[in-house]
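Asker: The structure under discussion is supplied below as structure tokens; questions concerning it will follow.
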Amino acid sequence: MIDINKAGTFTLGTRTVTRLGYGAMQLAGKGVFGPPTDRAGAVAVLRAAVDSGVNHIDTSDFYGPHITNQIIREALHPYRDDLVIVTKIGALRGEDGSWNKAFSRQQLTQAVHDNLRNLGLDVLEVVNLRSMFDVHGPAEGSLEEPLSALAELQHQGLVRHIGLSNVTPTQVADGRRICPIVCVQNLYNLAHRDDDALIDELARHGTAYVPFFPLGGFSPLQSSALSEVADALGATPMQVALAWLLQRAPNLLLIPGTSSVGHLRENLAAAELSLPADAVAMLDRIATGA
């Protein structure tokens, strides 16, 4: 039995979660659009994650859309008391599967209510506002209006805590002047380390950083150094990549996603993997090469 508590815990809002969580994006169909080919398998993955000690699940009602949250409800409702479900708003899916900005007050309010209904919740524990000035990565632009609208929903009791996703350090600083920010969710992994300084700053403030695509996303990380370290430790490259993130900073909360129970268990085993200093030094050089 894997002991994911060896990865440690961190505070997310007012809750304590294990640092190895689960990202539900891959439970939707191809391109995060439409239903999965194996809904029963998706349900099984969620139940296996929670049975393994995962108490932090990341999702969004624009995965599918609606489908991922409905599967989470089917698999896990009524939810365990220690389970923290984090969702995000700020985008809508087009009929062609496109990702479109949805920042108006009406759209954000609808998104919160959609998440509540599909998840079967009365209040959302954490809602991330996803910046959509550039779909592919952080881009400057004012989040004051949509973030203020989300803060109003928080004051209404529909949202407990607020985070930010796909954002720049400037947007994080500006956001803090509007409402408390409990987490930042950006692209970060062994090869993509633009947020190194931001991670360290957030750690000083006790704020969680949640790297998405910790394994490279739709194009898995490929590196001879990563493979070499994995071979030496008797682990998989993906386990090493996750273990490196866990050792990178104490405020990193991981949400690797998969639609396979086997892959889920492989990912969770990273909690028990300790990287020696020479391996960390070799892995640190991957970003320079990238």
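Here's how to read the names in the structure tokens: chain A, B, ... by the order shown, residue numbers from 1 in each chain, ligand numbers from 1 in the order shown.
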When you look at A:Gly21 with a cut-off of 8 Å (counting only C-alpha atoms), what residues show up, excluding the ones that are within fewer than 2 positions of it in the same chain? I need them as a list of chain:residue names.
Answerer: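 My list of contacting residues is A:Thr18, A:Arg19, A:Gly23, A:Val54, A:Asn55, A:His56, A:Ile57, A:Asp58, A:Leu253, A:Leu254, A:Ile255, A:Pro256.
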Asker: Apply DSSP to the structure's backbone, then extract all residues of stretch 33-111 of chain A labelled helix (DSSP H, G or I) and return them as a ChimeraX atom specification.
Answerer: /A:39-51,67-76,105-111
Asker: Once you have the residues from the selection above, write them out as a tab-separated table (two decimals), in the first residue's frame, restricted to N, CA and C atoms.
Answerer:
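Output (again02.tsv):
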chain	number	residue	atom	x	y	z
A	39	ARG	N	-16.58	5.48	-19.13
A	39	ARG	CA	-17.05	6.22	-17.95
A	39	ARG	C	-16.85	5.41	-16.66
A	40	ALA	N	-17.11	4.13	-16.72
A	40	ALA	CA	-16.91	3.29	-15.53
A	40	ALA	C	-15.44	3.31	-15.10
A	41	GLY	N	-14.53	3.36	-16.07
A	41	GLY	CA	-13.11	3.45	-15.75
A	41	GLY	C	-12.77	4.76	-15.08
A	42	ALA	N	-13.41	5.86	-15.53
A	42	ALA	CA	-13.19	7.17	-14.93
A	42	ALA	C	-13.66	7.17	-13.48
A	43	VAL	N	-14.81	6.57	-13.24
A	43	VAL	CA	-15.33	6.46	-11.87
A	43	VAL	C	-14.36	5.67	-11.00
A	44	ALA	N	-13.82	4.60	-11.56
A	44	ALA	CA	-12.90	3.74	-10.82
A	44	ALA	C	-11.62	4.49	-10.43
A	45	VAL	N	-11.11	5.33	-11.33
A	45	VAL	CA	-9.89	6.08	-11.04
A	45	VAL	C	-10.12	7.03	-9.87
A	46	LEU	N	-11.23	7.74	-9.89
A	46	LEU	CA	-11.54	8.67	-8.80
A	46	LEU	C	-11.65	7.95	-7.46
A	47	ARG	N	-12.34	6.83	-7.46
A	47	ARG	CA	-12.50	6.09	-6.21
A	47	ARG	C	-11.17	5.53	-5.73
A	48	ALA	N	-10.33	5.08	-6.66
A	48	ALA	CA	-9.01	4.57	-6.28
A	48	ALA	C	-8.14	5.69	-5.70
A	49	ALA	N	-8.25	6.89	-6.27
A	49	ALA	CA	-7.46	8.02	-5.77
A	49	ALA	C	-7.83	8.33	-4.32
A	50	VAL	N	-9.12	8.44	-4.05
A	50	VAL	CA	-9.56	8.76	-2.69
A	50	VAL	C	-9.24	7.62	-1.73
A	51	ASP	N	-9.41	6.39	-2.17
A	51	ASP	CA	-9.08	5.24	-1.33
A	51	ASP	C	-7.59	5.20	-1.00
A	67	ILE	N	-19.01	17.38	-17.93
A	67	ILE	CA	-18.91	15.93	-17.79
A	67	ILE	C	-18.01	15.51	-16.63
A	68	THR	N	-16.85	16.14	-16.51
A	68	THR	CA	-15.91	15.74	-15.47
A	68	THR	C	-16.52	15.92	-14.08
A	69	ASN	N	-17.17	17.06	-13.86
A	69	ASN	CA	-17.79	17.28	-12.56
A	69	ASN	C	-18.91	16.29	-12.29
A	70	GLN	N	-19.65	15.95	-13.31
A	70	GLN	CA	-20.72	14.97	-13.14
A	70	GLN	C	-20.17	13.59	-12.79
A	71	ILE	N	-19.03	13.25	-13.37
A	71	ILE	CA	-18.39	11.97	-13.04
A	71	ILE	C	-17.88	11.98	-11.61
A	72	ILE	N	-17.30	13.11	-11.18
A	72	ILE	CA	-16.83	13.22	-9.80
A	72	ILE	C	-17.99	13.01	-8.83
A	73	ARG	N	-19.13	13.65	-9.13
A	73	ARG	CA	-20.29	13.48	-8.26
A	73	ARG	C	-20.76	12.02	-8.23
A	74	GLU	N	-20.81	11.40	-9.40
A	74	GLU	CA	-21.23	10.01	-9.48
A	74	GLU	C	-20.30	9.10	-8.67
A	75	ALA	N	-19.01	9.37	-8.75
A	75	ALA	CA	-18.03	8.49	-8.11
A	75	ALA	C	-17.91	8.70	-6.61
A	76	LEU	N	-18.03	9.95	-6.15
A	76	LEU	CA	-17.59	10.26	-4.79
A	76	LEU	C	-18.65	10.88	-3.88
A	105	ARG	N	-19.58	39.33	-15.49
A	105	ARG	CA	-20.17	39.00	-14.20
A	105	ARG	C	-21.21	37.89	-14.34
A	106	GLN	N	-22.03	37.98	-15.38
A	106	GLN	CA	-23.07	36.99	-15.61
A	106	GLN	C	-22.46	35.62	-15.89
A	107	GLN	N	-21.41	35.58	-16.73
A	107	GLN	CA	-20.77	34.31	-17.07
A	107	GLN	C	-20.10	33.67	-15.85
A	108	LEU	N	-19.45	34.49	-15.03
A	108	LEU	CA	-18.78	33.96	-13.86
A	108	LEU	C	-19.78	33.45	-12.83
A	109	THR	N	-20.87	34.19	-12.66
A	109	THR	CA	-21.92	33.75	-11.74
A	109	THR	C	-22.53	32.43	-12.20
A	110	GLN	N	-22.79	32.34	-13.50
A	110	GLN	CA	-23.34	31.09	-14.06
A	110	GLN	C	-22.37	29.94	-13.86
A	111	ALA	N	-21.08	30.22	-14.05
A	111	ALA	CA	-20.07	29.17	-13.91
A	111	ALA	C	-20.03	28.63	-12.48
Asker: For the interface of stretch 206-271 of chain A with stretch 115-138 of chain A (cut-off 12 Å, counting only C-alpha atoms), please tabulate each contacting residue of stretch 206-271 of chain A alongside its nearest pair of atoms and their separation in Å to one decimal, rows sorted by chain and increasing number, as JSON lines.
Answerer:
{"residue": "A:Ala208", "atom": "CA", "partner": "A:Val126", "partner_atom": "CA", "distance": 11.8}
{"residue": "A:Tyr209", "atom": "CA", "partner": "A:Asn128", "partner_atom": "CA", "distance": 11.8}
{"residue": "A:Val210", "atom": "CA", "partner": "A:Asn128", "partner_atom": "CA", "distance": 10.8}
{"residue": "A:Phe212", "atom": "CA", "partner": "A:Gly137", "partner_atom": "CA", "distance": 11.5}
Asker: Now that the selection is made, can you save its residues with all heavy atoms as a PDB file, in the first residue's frame?
Answerer:
ATOM      1  N   ALA A 208      -0.140  28.278  -1.532  1.00  0.00           N
ATOM      2  CA  ALA A 208       0.089  27.075  -2.325  1.00  0.00           C
ATOM      3  C   ALA A 208       0.336  27.416  -3.793  1.00  0.00           C
ATOM      4  O   ALA A 208      -0.265  28.349  -4.337  1.00  0.00           O
ATOM      5  CB  ALA A 208      -1.103  26.127  -2.204  1.00  0.00           C
ATOM      6  N   TYR A 209       1.204  26.660  -4.423  1.00  0.00           N
ATOM      7  CA  TYR A 209       1.432  26.732  -5.860  1.00  0.00           C
ATOM      8  C   TYR A 209       1.108  25.358  -6.428  1.00  0.00           C
ATOM      9  O   TYR A 209       1.634  24.341  -5.964  1.00  0.00           O
ATOM     10  CB  TYR A 209       2.880  27.112  -6.176  1.00  0.00           C
ATOM     11  CG  TYR A 209       3.164  27.261  -7.662  1.00  0.00           C
ATOM     12  CD1 TYR A 209       3.121  28.510  -8.269  1.00  0.00           C
ATOM     13  CD2 TYR A 209       3.475  26.153  -8.446  1.00  0.00           C
ATOM     14  CE1 TYR A 209       3.384  28.648  -9.634  1.00  0.00           C
ATOM     15  CE2 TYR A 209       3.728  26.287  -9.803  1.00  0.00           C
ATOM     16  CZ  TYR A 209       3.685  27.538 -10.394  1.00  0.00           C
ATOM     17  OH  TYR A 209       3.930  27.679 -11.736  1.00  0.00           O
ATOM     18  N   VAL A 210       0.246  25.335  -7.430  1.00  0.00           N
ATOM     19  CA  VAL A 210      -0.239  24.070  -7.991  1.00  0.00           C
ATOM     20  C   VAL A 210       0.180  23.993  -9.456  1.00  0.00           C
ATOM     21  O   VAL A 210      -0.424  24.630 -10.319  1.00  0.00           O
ATOM     22  CB  VAL A 210      -1.772  23.962  -7.864  1.00  0.00           C
ATOM     23  CG1 VAL A 210      -2.247  22.586  -8.305  1.00  0.00           C
ATOM     24  CG2 VAL A 210      -2.225  24.253  -6.433  1.00  0.00           C
ATOM     25  N   PHE A 212       0.268  22.856 -13.083  1.00  0.00           N
ATOM     26  CA  PHE A 212      -0.444  21.961 -13.991  1.00  0.00           C
ATOM     27  C   PHE A 212       0.513  21.489 -15.083  1.00  0.00           C
ATOM     28  O   PHE A 212       1.555  22.084 -15.323  1.00  0.00           O
ATOM     29  CB  PHE A 212      -1.734  22.561 -14.549  1.00  0.00           C
ATOM     30  CG  PHE A 212      -1.622  23.825 -15.360  1.00  0.00           C
ATOM     31  CD1 PHE A 212      -1.144  23.805 -16.653  1.00  0.00           C
ATOM     32  CD2 PHE A 212      -2.057  25.042 -14.837  1.00  0.00           C
ATOM     33  CE1 PHE A 212      -1.077  24.946 -17.420  1.00  0.00           C
ATOM     34  CE2 PHE A 212      -1.998  26.211 -15.594  1.00  0.00           C
ATOM     35  CZ  PHE A 212      -1.514  26.166 -16.886  1.00  0.00           C
TER      36      PHE A 212
END
Asker: Pick out the residues sitting within 12 Å of A:Ser98, and hand them over as a PyMOL selection string; count only C-alpha atoms, and ignore anything fewer than 2 positions along from it in its own chain.
Answerer: chain A and resi 31-33+62-65+91-96+100-101+135
Asker: Looking at only C-alpha atoms, which of A:Ile162, A:Ala235, A:Ala24, A:Ile4 is the one that sits closest to A:Ser52?
Answerer: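 Once distances to A:Ser52 are computed over only C-alpha atoms, the minimum belongs to A:Ile4.
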Asker: Taking into account only C-alpha atoms, which residue in the set A:Val86, A:Ala277, A:Ile178, A:Met238 is nearest to A:Glu144?
Answerer: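 Among A:Val86, A:Ala277, A:Ile178, A:Met238, it is A:Ile178 that comes nearest to A:Glu144.
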Asker: What gap, in Å, lies between atom CA of A:Pro214 and atom CA of A:Arg193?
Answerer: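 Between these atoms lies a distance of 10.9 Å.
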Asker: For the atom pair atom CA of A:Ile85 and atom CA of A:Asp196, what is the interatomic distance in Å to one decimal place?
Answerer: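 Distance between the two atoms: 25.9 Å.
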Asker: Output as a PyMOL selection string all residues of stretch 31-253 of chain A that backbone DSSP marks as strand (DSSP E or B).
Answerer: chain A and resi 33+56-58+64+84-89+91-93+99-101+124-130+159-165+183-187+208-212+252
Asker: Would you save the residues of that selection, restricted to C-alpha atoms, as a PDB file, in the first residue's frame?
Answerer:
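Final output, saved to result.pdb:
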ATOM      1  CA  PHE A  33     -14.251  17.594 -24.801  1.00  0.00           C
ATOM      2  CA  HIS A  56      -7.286  17.254  -3.146  1.00  0.00           C
ATOM      3  CA  ILE A  57      -9.018  16.946  -6.523  1.00  0.00           C
ATOM      4  CA  ASP A  58      -8.680  19.608  -9.201  1.00  0.00           C
ATOM      5  CA  GLY A  64     -16.284  18.260 -21.033  1.00  0.00           C
ATOM      6  CA  VAL A  84     -11.132  19.324  -0.990  1.00  0.00           C
ATOM      7  CA  ILE A  85     -12.448  19.843  -4.524  1.00  0.00           C
ATOM      8  CA  VAL A  86     -10.902  22.808  -6.318  1.00  0.00           C
ATOM      9  CA  THR A  87     -12.490  24.112  -9.496  1.00  0.00           C
ATOM     10  CA  LYS A  88     -11.849  26.955 -11.908  1.00  0.00           C
ATOM     11  CA  ILE A  89     -13.882  29.423 -13.944  1.00  0.00           C
ATOM     12  CA  ALA A  91     -13.561  30.005 -19.788  1.00  0.00           C
ATOM     13  CA  LEU A  92     -16.322  28.520 -21.912  1.00  0.00           C
ATOM     14  CA  ARG A  93     -16.048  25.771 -24.509  1.00  0.00           C
ATOM     15  CA  TRP A  99     -11.496  27.541 -25.240  1.00  0.00           C
ATOM     16  CA  ASN A 100     -13.098  30.976 -25.011  1.00  0.00           C
ATOM     17  CA  LYS A 101     -12.859  33.803 -22.500  1.00  0.00           C
ATOM     18  CA  LEU A 124     -17.202  25.620  -3.501  1.00  0.00           C
ATOM     19  CA  GLU A 125     -14.116  25.256  -1.296  1.00  0.00           C
ATOM     20  CA  VAL A 126     -11.657  26.901  -3.729  1.00  0.00           C
ATOM     21  CA  VAL A 127     -12.367  28.542  -7.085  1.00  0.00           C
ATOM     22  CA  ASN A 128      -9.502  29.539  -9.359  1.00  0.00           C
ATOM     23  CA  LEU A 129     -10.053  32.387 -11.780  1.00  0.00           C
ATOM     24  CA  ARG A 130      -8.295  31.374 -14.982  1.00  0.00           C
ATOM     25  CA  VAL A 159     -17.213  30.322  -2.592  1.00  0.00           C
ATOM     26  CA  ARG A 160     -14.931  29.916   0.442  1.00  0.00           C
ATOM     27  CA  HIS A 161     -11.532  30.685  -1.072  1.00  0.00           C
ATOM     28  CA  ILE A 162     -10.159  32.157  -4.294  1.00  0.00           C
ATOM     29  CA  GLY A 163      -7.114  31.276  -6.355  1.00  0.00           C
ATOM     30  CA  LEU A 164      -5.643  32.319  -9.694  1.00  0.00           C
ATOM     31  CA  SER A 165      -4.623  30.278 -12.733  1.00  0.00           C
ATOM     32  CA  CYS A 183      -3.238  29.338  -4.458  1.00  0.00           C
ATOM     33  CA  VAL A 184      -1.729  29.950  -7.871  1.00  0.00           C
ATOM     34  CA  GLN A 185      -2.051  27.348 -10.610  1.00  0.00           C
ATOM     35  CA  ASN A 186       0.361  27.689 -13.529  1.00  0.00           C
ATOM     36  CA  LEU A 187       2.338  25.564 -15.958  1.00  0.00           C
ATOM     37  CA  ALA A 208       0.089  27.075  -2.325  1.00  0.00           C
ATOM     38  CA  TYR A 209       1.432  26.732  -5.860  1.00  0.00           C
ATOM     39  CA  VAL A 210      -0.239  24.070  -7.991  1.00  0.00           C
ATOM     40  CA  PRO A 211       1.697  23.183 -11.151  1.00  0.00           C
ATOM     41  CA  PHE A 212      -0.444  21.961 -13.991  1.00  0.00           C
ATOM     42  CA  LEU A 252       3.892  22.771  -4.259  1.00  0.00           C
TER      43      LEU A 252
END
Asker: Return the single residue from A:Ala270, A:Ala243, A:Ala230, A:Ala249 that is closest to A:Leu202, with distances computed using only C-alpha atoms.
Answerer: A:Ala249
Asker: Please indicate the distance in Å from atom CA of A:Leu273 to atom CA of A:Ser227, rounded to one decimal place.
Answerer: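 If I compute the distance from atom CA of A:Leu273 to atom CA of A:Ser227, I get 15.0 Å.
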Asker: Which residues are close to A:Gln222, i.e. within 10 Å by only C-alpha atoms, leaving aside same-chain residues fewer than 2 positions away? Reply as a CSV table (one decimal) with N, CA and C atoms, in the first residue's frame.
Answerer:
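File written: out.csv
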chain,number,residue,atom,x,y,z
A,191,ALA,N,11.0,21.0,-17.1
A,191,ALA,CA,11.5,21.7,-18.3
A,191,ALA,C,11.0,23.1,-18.4
A,215,LEU,N,3.8,16.7,-15.6
A,215,LEU,CA,4.5,15.7,-16.4
A,215,LEU,C,4.6,16.0,-17.9
A,216,GLY,N,4.3,17.3,-18.2
A,216,GLY,CA,4.5,17.8,-19.6
A,216,GLY,C,3.2,17.9,-20.3
A,219,SER,N,2.2,16.4,-24.3
A,219,SER,CA,3.5,16.0,-24.8
A,219,SER,C,4.4,15.6,-23.6
A,220,PRO,N,4.3,14.4,-23.1
A,220,PRO,CA,5.1,14.0,-21.9
A,220,PRO,C,6.5,14.4,-22.0
A,224,SER,N,17.0,12.6,-21.6
A,224,SER,CA,17.9,11.6,-21.3
A,224,SER,C,18.3,11.6,-19.8
A,225,ALA,N,18.5,12.8,-19.3
A,225,ALA,CA,18.8,13.0,-17.9
A,225,ALA,C,17.8,12.4,-17.0
A,226,LEU,N,16.5,12.7,-17.3
A,226,LEU,CA,15.4,12.2,-16.5
A,226,LEU,C,15.4,10.6,-16.6
A,227,SER,N,15.6,10.1,-17.7
A,227,SER,CA,15.6,8.6,-17.9
A,227,SER,C,16.8,8.0,-17.1
A,237,PRO,N,10.4,7.5,-15.2
A,237,PRO,CA,10.7,8.9,-15.4
A,237,PRO,C,9.6,9.8,-14.8
A,238,MET,N,8.3,9.5,-14.9
A,238,MET,CA,7.3,10.3,-14.4
A,238,MET,C,7.3,10.4,-12.9
A,286,ILE,N,17.9,20.2,-16.7
A,286,ILE,CA,17.0,20.0,-17.9
A,286,ILE,C,16.4,21.3,-18.4
